[in-house]
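Structure file final.pdb; described as PDB, C-alpha atoms (C1' of nucleotides).
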MODEL        1
ATOM      1  CA  MET B  29     102.205  88.572  76.256
ATOM      2  CA  SER B  30      99.630  89.572  73.697
ATOM      3  CA  ARG B  31      98.976  93.054  72.412
ATOM      4  CA  ARG B  32      95.936  93.264  74.628
ATOM      5  CA  ASP B  33      98.247  92.535  77.540
ATOM      6  CA  GLY B  34     100.286  95.515  76.435
ATOM      7  CA  ASP B  35      97.217  97.726  76.676
ATOM      8  CA  VAL B  36      96.620  96.543  80.235
ATOM      9  CA  VAL B  37     100.166  97.487  81.189
ATOM     10  CA  GLU B  38      99.378 101.016  80.079
ATOM     11  CA  VAL B  39      96.177 101.028  82.123
ATOM     12  CA  PHE B  40      98.113 100.046  85.250
ATOM     13  CA  ALA B  41     100.709 102.698  84.544
ATOM     14  CA  ALA B  42      97.882 105.228  84.233
ATOM     15  CA  LEU B  43      96.393 104.059  87.531
ATOM     16  CA  GLY B  44      99.782 104.194  89.221
ATOM     17  CA  ASP B  45      99.585 107.895  89.925
ATOM     18  CA  ARG B  46      97.845 109.501  92.889
ATOM     19  CA  THR B  47      96.590 112.562  91.021
ATOM     20  CA  ARG B  48      94.970 110.409  88.352
ATOM     21  CA  GLN B  49      93.376 108.192  91.000
ATOM     22  CA  ASP B  50      91.909 111.244  92.702
ATOM     23  CA  LEU B  51      90.812 112.575  89.331
ATOM     24  CA  LEU B  52      88.903 109.383  88.542
ATOM     25  CA  ASP B  53      87.269 109.513  91.979
ATOM     26  CA  LEU B  54      86.073 113.063  91.375
ATOM     27  CA  LEU B  55      84.722 112.220  87.946
ATOM     28  CA  ALA B  56      82.889 109.143  89.224
ATOM     29  CA  ARG B  57      81.312 111.199  92.037
ATOM     30  CA  GLY B  58      80.099 113.785  89.549
ATOM     31  CA  GLN B  59      82.145 116.465  91.281
ATOM     32  CA  GLY B  60      82.971 118.437  88.176
ATOM     33  CA  SER B  61      83.414 117.276  84.640
ATOM     34  CA  SER B  62      85.472 120.082  83.106
ATOM     35  CA  SER B  63      89.200 120.415  83.576
ATOM     36  CA  ALA B  64      88.889 123.709  85.412
ATOM     37  CA  ALA B  65      86.274 122.317  87.782
ATOM     38  CA  LEU B  66      88.494 119.325  88.534
ATOM     39  CA  ALA B  67      91.699 121.278  88.970
ATOM     40  CA  GLU B  68      90.628 123.124  92.089
ATOM     41  CA  PRO B  69      90.044 120.132  94.413
ATOM     42  CA  LEU B  70      93.174 118.442  93.078
ATOM     43  CA  GLY B  71      95.385 121.448  93.741
ATOM     44  CA  VAL B  72      97.032 121.566  90.317
ATOM     45  CA  THR B  73      96.525 123.747  87.226
ATOM     46  CA  ARG B  74      93.829 122.900  84.696
ATOM     47  CA  GLN B  75      96.601 122.185  82.143
ATOM     48  CA  ALA B  76      97.971 119.493  84.433
ATOM     49  CA  VAL B  77      94.453 118.049  84.723
ATOM     50  CA  GLU B  78      94.086 118.139  80.949
ATOM     51  CA  LYS B  79      97.362 116.341  80.539
ATOM     52  CA  HIS B  80      96.196 113.585  82.857
ATOM     53  CA  LEU B  81      92.777 113.413  81.194
ATOM     54  CA  ARG B  82      94.306 112.948  77.752
ATOM     55  CA  LEU B  83      96.472 110.136  79.062
ATOM     56  CA  LEU B  84      93.464 108.498  80.741
ATOM     57  CA  GLU B  85      91.494 108.849  77.525
ATOM     58  CA  GLN B  86      94.337 107.294  75.580
ATOM     59  CA  VAL B  87      94.163 104.116  77.651
ATOM     60  CA  GLY B  88      90.357 104.078  77.660
ATOM     61  CA  LEU B  89      89.693 105.015  81.284
ATOM     62  CA  VAL B  90      87.740 108.183  80.469
ATOM     63  CA  THR B  91      85.751 109.584  77.570
ATOM     64  CA  ALA B  92      85.320 113.157  76.390
ATOM     65  CA  ARG B  93      82.157 114.783  75.069
ATOM     66  CA  ARG B  94      82.128 118.296  73.639
ATOM     67  CA  ASP B  95      79.539 120.649  75.070
ATOM     68  CA  GLY B  96      79.960 123.901  73.149
ATOM     69  CA  ARG B  97      83.338 125.197  74.138
ATOM     70  CA  ARG B  98      83.351 122.967  77.216
ATOM     71  CA  VAL B  99      84.504 119.369  77.350
ATOM     72  CA  ALA B 100      82.686 116.996  79.664
ATOM     73  CA  TRP B 101      84.836 114.126  80.876
ATOM     74  CA  ALA B 102      83.429 110.872  82.214
ATOM     75  CA  VAL B 103      84.874 107.711  83.717
ATOM     76  CA  ARG B 104      84.588 104.409  81.908
ATOM     77  CA  PRO B 105      84.430 101.927  84.807
ATOM     78  CA  GLU B 106      84.185  98.986  82.433
ATOM     79  CA  THR B 107      87.807  99.474  81.436
ATOM     80  CA  VAL B 108      88.814  99.402  85.085
ATOM     81  CA  ARG B 109      86.702  96.301  85.693
ATOM     82  CA  ARG B 110      88.279  94.523  82.718
ATOM     83  CA  SER B 111      91.737  95.387  84.019
ATOM     84  CA  ALA B 112      90.794  94.126  87.480
ATOM     85  CA  GLN B 113      89.596  90.872  85.944
ATOM     86  CA  TRP B 114      92.780  90.562  83.925
ATOM     87  CA  LEU B 115      94.817  91.026  87.089
ATOM     88  CA  GLU B 116      92.694  88.536  89.007
ATOM     89  CA  ALA B 117      93.188  85.970  86.259
ATOM     90  CA  ARG B 118      96.908  86.616  86.285
ATOM     91  CA  SER B 119      97.238  86.149  90.019
ATOM     92  CA  ALA B 120      95.230  82.926  89.786
ATOM     93  CA  GLU B 121      97.485  81.744  86.965
ATOM     94  CA  TRP B 122     100.597  82.632  88.939
ATOM     95  CA  GLU B 123      99.291  80.747  91.961
ATOM     96  CA  ARG B 124      98.572  77.720  89.786
ATOM     97  CA  GLN B 125     102.039  77.824  88.219
ATOM     98  CA  LEU B 126     103.722  78.273  91.572
ATOM     99  CA  ALA B 127     101.862  75.236  92.907
ATOM    100  CA  LEU B 128     103.164  73.190  89.951
ATOM    101  CA  VAL B 129     106.715  74.413  90.434
ATOM    102  CA  LYS B 130     106.507  73.710  94.141
ATOM    103  CA  ALA B 131     105.152  70.200  93.559
ATOM    104  CA  ALA B 132     107.914  69.473  91.044
ATOM    105  CA  ALA B 133     110.550  70.695  93.478
ATOM    106  CA  GLU B 134     109.195  68.521  96.275
ATOM    107  CA  LYS B 135     109.151  65.540  93.938
ATOM    108  CA  ALA B 136     112.772  66.182  93.066
ATOM    109  CA  ASP B 137     113.698  66.461  96.737
ATOM    110  CA  GLY B 138     111.994  63.151  97.463
ATOM    111  CA  ALA B 139     113.859  61.407  94.659
TER     112      ALA B 139
ATOM    113  CA  MET W 177      92.002 108.014  99.933
ATOM    114  CA  SER W 178      93.507 106.054 102.795
ATOM    115  CA  ARG W 179      97.114 105.137 103.271
ATOM    116  CA  ARG W 180      96.338 101.634 102.120
ATOM    117  CA  ASP W 181      94.993 103.150  98.937
ATOM    118  CA  GLY W 182      98.369 104.819  98.534
ATOM    119  CA  ASP W 183     100.073 101.459  98.671
ATOM    120  CA  VAL W 184      97.810 100.153  95.916
ATOM    121  CA  VAL W 185      98.741 103.098  93.724
ATOM    122  CA  GLU W 186     102.350 102.021  94.041
ATOM    123  CA  VAL W 187     101.439  98.439  93.140
ATOM    124  CA  PHE W 188      99.745  99.632  89.951
ATOM    125  CA  ALA W 189     102.719 101.816  89.108
ATOM    126  CA  ALA W 190     104.936  98.766  89.574
ATOM    127  CA  LEU W 191     102.698  96.695  87.314
ATOM    128  CA  GLY W 192     102.646  99.461  84.711
ATOM    129  CA  ASP W 193     105.926  98.414  83.130
ATOM    130  CA  ARG W 194     106.370  95.707  80.526
ATOM    131  CA  THR W 195     109.726  94.451  81.805
ATOM    132  CA  ARG W 196     108.339  94.009  85.312
ATOM    133  CA  GLN W 197     105.286  92.200  83.960
ATOM    134  CA  ASP W 198     107.499  89.808  82.029
ATOM    135  CA  LEU W 199     109.691  89.410  85.088
ATOM    136  CA  LEU W 200     106.731  88.376  87.227
ATOM    137  CA  ASP W 201     105.635  85.907  84.562
ATOM    138  CA  LEU W 202     109.068  84.279  84.506
ATOM    139  CA  LEU W 203     109.179  84.058  88.295
ATOM    140  CA  ALA W 204     105.720  82.521  88.483
ATOM    141  CA  ARG W 205     106.639  79.934  85.841
ATOM    142  CA  GLY W 206     109.727  78.962  87.783
ATOM    143  CA  GLN W 207     111.922  79.963  84.872
ATOM    144  CA  GLY W 208     114.832  81.193  86.936
ATOM    145  CA  SER W 209     114.853  82.783  90.350
ATOM    146  CA  SER W 210     118.176  84.624  90.387
ATOM    147  CA  SER W 211     118.712  87.982  88.754
ATOM    148  CA  ALA W 212     121.243  86.596  86.302
ATOM    149  CA  ALA W 213     118.943  83.752  85.267
ATOM    150  CA  LEU W 214     116.093  86.199  84.716
ATOM    151  CA  ALA W 215     118.103  88.784  82.813
ATOM    152  CA  GLU W 216     118.812  86.616  79.804
ATOM    153  CA  PRO W 217     115.233  85.996  78.632
ATOM    154  CA  LEU W 218     114.341  89.613  79.371
ATOM    155  CA  GLY W 219     117.210  90.996  77.302
ATOM    156  CA  VAL W 220     118.484  93.451  79.910
ATOM    157  CA  THR W 221     121.449  93.405  82.308
ATOM    158  CA  ARG W 222     121.163  91.635  85.662
ATOM    159  CA  GLN W 223     121.545  95.040  87.361
ATOM    160  CA  ALA W 224     118.408  96.238  85.577
ATOM    161  CA  VAL W 225     116.601  93.093  86.757
ATOM    162  CA  GLU W 226     117.817  93.682  90.298
ATOM    163  CA  LYS W 227     116.556  97.244  90.180
ATOM    164  CA  HIS W 228     113.132  96.020  89.125
ATOM    165  CA  LEU W 229     113.154  93.233  91.734
ATOM    166  CA  ARG W 230     113.901  95.658  94.533
ATOM    167  CA  LEU W 231     111.049  97.881  93.449
ATOM    168  CA  LEU W 232     108.698  94.891  93.249
ATOM    169  CA  GLU W 233     109.831  93.782  96.698
ATOM    170  CA  GLN W 234     109.221  97.277  98.031
ATOM    171  CA  VAL W 235     105.557  97.146  97.030
ATOM    172  CA  GLY W 236     105.177  93.531  98.179
ATOM    173  CA  LEU W 237     104.885  91.790  94.813
ATOM    174  CA  VAL W 238     107.942  89.582  95.290
ATOM    175  CA  THR W 239     109.972  88.207  98.177
ATOM    176  CA  ALA W 240     113.694  87.465  98.417
ATOM    177  CA  ARG W 241     115.347  84.517 100.182
ATOM    178  CA  ARG W 242     119.103  84.230 100.531
ATOM    179  CA  ASP W 243     120.658  80.980  99.379
ATOM    180  CA  GLY W 244     124.374  81.333 100.143
ATOM    181  CA  ARG W 245     125.566  84.038  97.807
ATOM    182  CA  ARG W 246     122.518  83.619  95.611
ATOM    183  CA  VAL W 247     119.193  85.332  96.101
ATOM    184  CA  ALA W 248     116.058  83.430  95.200
ATOM    185  CA  TRP W 249     113.183  85.659  94.213
ATOM    186  CA  ALA W 250     109.537  84.563  94.290
ATOM    187  CA  VAL W 251     106.216  86.123  93.310
ATOM    188  CA  ARG W 252     103.609  86.902  95.952
ATOM    189  CA  PRO W 253     100.369  86.436  93.997
ATOM    190  CA  GLU W 254      98.273  87.346  97.045
ATOM    191  CA  THR W 255      99.403  90.972  96.707
ATOM    192  CA  VAL W 256      98.307  90.975  93.078
ATOM    193  CA  ARG W 257      94.995  89.373  94.020
ATOM    194  CA  ARG W 258      94.373  91.976  96.713
ATOM    195  CA  SER W 259      95.114  94.765  94.239
ATOM    196  CA  ALA W 260      92.771  93.196  91.698
ATOM    197  CA  GLN W 261      90.048  93.041  94.333
ATOM    198  CA  TRP W 262      90.666  96.647  95.283
ATOM    199  CA  LEU W 263      90.339  97.657  91.637
ATOM    200  CA  GLU W 264      87.193  95.578  91.188
ATOM    201  CA  ALA W 265      85.654  97.263  94.224
ATOM    202  CA  ARG W 266      86.619 100.673  92.883
ATOM    203  CA  SER W 267      85.071 100.065  89.490
ATOM    204  CA  ALA W 268      81.883  98.805  91.159
ATOM    205  CA  GLU W 269      81.839 101.899  93.365
ATOM    206  CA  TRP W 270      82.349 104.172  90.373
ATOM    207  CA  GLU W 271      79.538 102.464  88.498
ATOM    208  CA  ARG W 272      77.262 102.924  91.503
ATOM    209  CA  GLN W 273      78.168 106.594  91.818
ATOM    210  CA  LEU W 274      77.733 107.212  88.126
ATOM    211  CA  ALA W 275      74.269 105.660  88.275
ATOM    212  CA  LEU W 276      73.351 108.046  91.114
ATOM    213  CA  VAL W 277      74.707 111.047  89.255
ATOM    214  CA  LYS W 278      72.867 109.991  86.116
ATOM    215  CA  ALA W 279      69.601 109.524  88.015
ATOM    216  CA  ALA W 280      69.933 112.932  89.661
ATOM    217  CA  ALA W 281      70.594 114.573  86.309
ATOM    218  CA  GLU W 282      67.528 112.940  84.759
ATOM    219  CA  LYS W 283      65.428 114.065  87.706
ATOM    220  CA  ALA W 284      66.646 117.622  87.224
ATOM    221  CA  ASP W 285      65.837 117.493  83.535
ATOM    222  CA  GLY W 286      62.313 116.297  84.293
ATOM    223  CA  ALA W 287      61.682 119.146  86.758
TER     224      ALA W 287
ATOM    225  C1'  DG H 193     144.378  79.867  99.408
ATOM    226  C1'  DC H 194     142.772  81.160  94.963
ATOM    227  C1'  DA H 195     139.941  81.699  91.095
ATOM    228  C1'  DC H 196     135.377  81.943  89.919
ATOM    229  C1'  DT H 197     130.639  83.227  90.578
ATOM    230  C1'  DC H 198     126.975  85.962  92.207
ATOM    231  C1'  DT H 199     125.388  90.085  94.131
ATOM    232  C1'  DG H 200     125.434  95.052  95.690
ATOM    233  C1'  DC H 201     126.119  99.648  94.709
ATOM    234  C1'  DA H 202     127.204 104.001  92.665
ATOM    235  C1'  DA H 203     127.784 106.881  88.789
ATOM    236  C1'  DC H 204     126.159 107.926  84.479
ATOM    237  C1'  DC H 205     122.916 108.824  80.589
ATOM    238  C1'  DA H 206     118.946 109.474  77.666
ATOM    239  C1'  DT H 207     114.284 109.717  78.061
ATOM    240  C1'  DC H 208     110.119 110.361  80.350
ATOM    241  C1'  DT H 209     107.041 112.548  83.614
ATOM    242  C1'  DG H 210     104.270 115.782  86.277
ATOM    243  C1'  DG H 211     103.682 120.196  86.752
ATOM    244  C1'  DT H 212     103.799 125.409  85.496
ATOM    245  C1'  DT H 213     103.658 129.501  82.560
ATOM    246  C1'  DG H 214     102.310 131.993  78.586
ATOM    247  C1'  DC H 215      99.781 132.654  74.605
ATOM    248  C1'  DA H 216      96.412 131.622  70.918
ATOM    249  C1'  DT H 217      91.858 130.108  69.407
ATOM    250  C1'  DG H 218      87.073 129.222  69.471
ATOM    251  C1'  DG H 219      82.411 129.307  71.724
ATOM    252  C1'  DA H 220      79.022 132.081  74.191
ATOM    253  C1'  DG H 221      76.633 135.691  76.473
ATOM    254  C1'  DA H 222      75.648 140.551  76.762
TER     255       DA H 222
ATOM    256  C1'  DT L 130      80.467 143.032  67.744
ATOM    257  C1'  DC L 131      82.984 142.631  71.852
ATOM    258  C1'  DT L 132      84.350 140.784  76.054
ATOM    259  C1'  DC L 133      84.668 136.861  78.689
ATOM    260  C1'  DC L 134      85.334 132.062  79.319
ATOM    261  C1'  DA L 135      87.043 127.490  78.357
ATOM    262  C1'  DT L 136      90.269 124.873  76.036
ATOM    263  C1'  DG L 137      94.530 123.642  73.277
ATOM    264  C1'  DC L 138      99.284 123.663  72.807
ATOM    265  C1'  DA L 139     104.138 124.480  73.235
ATOM    266  C1'  DA L 140     108.091 125.538  75.905
ATOM    267  C1'  DC L 141     110.221 124.967  80.094
ATOM    268  C1'  DC L 142     111.918 122.770  84.405
ATOM    269  C1'  DA L 143     113.073 119.652  88.135
ATOM    270  C1'  DG L 144     112.822 115.135  89.290
ATOM    271  C1'  DA L 145     112.078 110.336  88.253
ATOM    272  C1'  DT L 146     112.931 106.317  85.509
ATOM    273  C1'  DG L 147     114.929 102.381  83.013
ATOM    274  C1'  DG L 148     118.915 100.903  81.555
ATOM    275  C1'  DT L 149     124.279 100.393  81.275
ATOM    276  C1'  DT L 150     129.032 100.272  82.922
ATOM    277  C1'  DG L 151     132.489  99.538  86.299
ATOM    278  C1'  DC L 152     134.100  97.987  90.506
ATOM    279  C1'  DA L 153     134.018  95.890  95.163
ATOM    280  C1'  DG L 154     132.747  92.259  98.392
ATOM    281  C1'  DA L 155     131.129  87.744  99.846
ATOM    282  C1'  DG L 156     130.238  82.783  99.039
ATOM    283  C1'  DT L 157     131.884  78.513  96.891
ATOM    284  C1'  DG L 158     134.345  74.887  94.617
ATOM    285  C1'  DC L 159     138.763  73.050  93.550
TER     286       DC L 159
ENDMDL
END
Encoded form (structure tokens):
Amino acid sequence: MSRRDGDVVEVFAALGDRTRQDLLDLLARGQGSSSAALAEPLGVTRQAVEKHLRLLEQVGLVTARRDGRRVAWAVRPETVRRSAQWLEARSAEWERQLALVKAAAEKADGA
Amino acid sequence: MSRRDGDVVEVFAALGDRTRQDLLDLLARGQGSSSAALAEPLGVTRQAVEKHLRLLEQVGLVTARRDGRRVAWAVRPETVRRSAQWLEARSAEWERQLALVKAAAEKADGA
DNA sequence: GCACTCTGCAACCATCTGGTTGCATGGAGA
DNA sequence: TCTCCATGCAACCAGATGGTTGCAGAGTGC
């Protein structure tokens, strides 16, 4: 597994949390871009939101832009799309490999 | 977010771990199907592998089939494919929403 | 029948995680 | 200039996690 594969593992780990999924939804819908604005619909403190946002930023799922003292967060869907494509390729690869293994096993049984 | 969405979150959490990713790779390649056979290339104990396998089974990524006292584990790529498609749809949806938000903001600026 | 093999399970441990609280700092508006 | 607002950060906490060790039970081959 290459280093890039390692990055993808972190993206999946980041996506494997309900609060972060909801957070990304809110950001994509334009329903708030500051941590305080996002905290209220999520039902957690703004510090919890900031923690999640920093993790999402770390794996490339969101970006931050300073606006005076405010920070405007935004989703980066292209990172999600790339991860989806990576996963799709993996499942296709696994299906291909399983077909080979299955064919080899049937050949052995016939022998 | 629907209940099915909740399931997907668990799939991503399951995929967000390097050992489990490697485990799925080994299973797909047919390089061992029992916990003991899988533990050696992963460098962890068979109990650790079994823990991971049970979690993967819980979210539908692998299946177990009893073979006497042995358990043969197998990957279910269709679950991975479905999750990839879900993610692809989400990123497309987020891109669509972001475009709407961006257009609305530009309209407001022009006013 | 017995020894061996494979699995299941629980207890344990160090670390991580998701969240809260409290306080400090910097930007902005009056 | 001062007050307010928004953010940053650290400490804390309960629970979860990933792994190990030890032991018991069931299947299997001799």
What are the residues of chain H lining chain B at 12 Å or less? Count all atoms listed in the file, and put the answer as a PDB file with C-alpha atoms (C1' of nucleotides), in the coordinates of the input.
ATOM      1  C1'  DT H 209     107.041 112.548  83.614  1.00  0.00           C
ATOM      2  C1'  DG H 210     104.270 115.782  86.277  1.00  0.00           C
ATOM      3  C1'  DG H 211     103.682 120.196  86.752  1.00  0.00           C
ATOM      4  C1'  DT H 212     103.799 125.409  85.496  1.00  0.00           C
ATOM      5  C1'  DT H 213     103.658 129.501  82.560  1.00  0.00           C
ATOM      6  C1'  DG H 214     102.310 131.993  78.586  1.00  0.00           C
ATOM      7  C1'  DT H 217      91.858 130.108  69.407  1.00  0.00           C
ATOM      8  C1'  DG H 218      87.073 129.222  69.471  1.00  0.00           C
ATOM      9  C1'  DG H 219      82.411 129.307  71.724  1.00  0.00           C
ATOM     10  C1'  DA H 220      79.022 132.081  74.191  1.00  0.00           C
TER      11       DA H 220
END
>> One decimal, in Å: what's the spacing between CA of Arg196 in chain W and CA of Leu232 in chain W?
In response: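 Computing it gives 8.0 Å between the two atoms.
Taken over the whole file, the PyMOL selection byres ((chain W) within 6 of (chain B)) covers exactly Val185, Glu186, Phe188, Ala189, Gly192, Ala204, Arg205, Pro253, Val256, Arg257, Ala260, Leu263, Glu264, Ser267, Trp270, Gln273 and Leu274 of chain W.
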>> With the PyMOL selection byres ((chain L) within 9 of (chain B)) as the selection, what would be picked from this file? Answer as JSON, numbers by chain, please.
In response: {"L": [134, 135, 136]}
>> Which residues are near DC194 in chain H? Cut-off 12 Å, all atoms listed in the file, ignore same chain within fewer than 5 positions. Put them as a PyMOL selection string.
In response: chain L and resi 157-159
Adding 4 Å on each side of the box along x, y and z that holds all listed atoms of range 201-218 of chain W, could you give its centre and edge lengths in Å to one decimal, as lines of an AutoDock Vina configuration file?
center_x = 113.4
center_y = 84.3
center_z = 84.5
size_x = 23.6
size_y = 18.7
size_z = 19.8
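Our summary of the geometry notes that CA of Ala67 in chain B is positioned 11.1 Å from CA of Leu81 in chain B.
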> Using the chain letters and numbers from the file, which residues does the PyMOL selection byres ((chain H and resi 208) around 10) grab, as a ChimeraX atom specification?
Replying inline: /H:206-207,209-210 /L:145-147
>> Please report the interatomic distance between C1' of DG200 in chain H and C1' of DG144 in chain L in Å with one decimal.
In response: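 Computing the Euclidean distance for C1' of DG200 in chain H and C1' of DG144 in chain L yields 24.6 Å.
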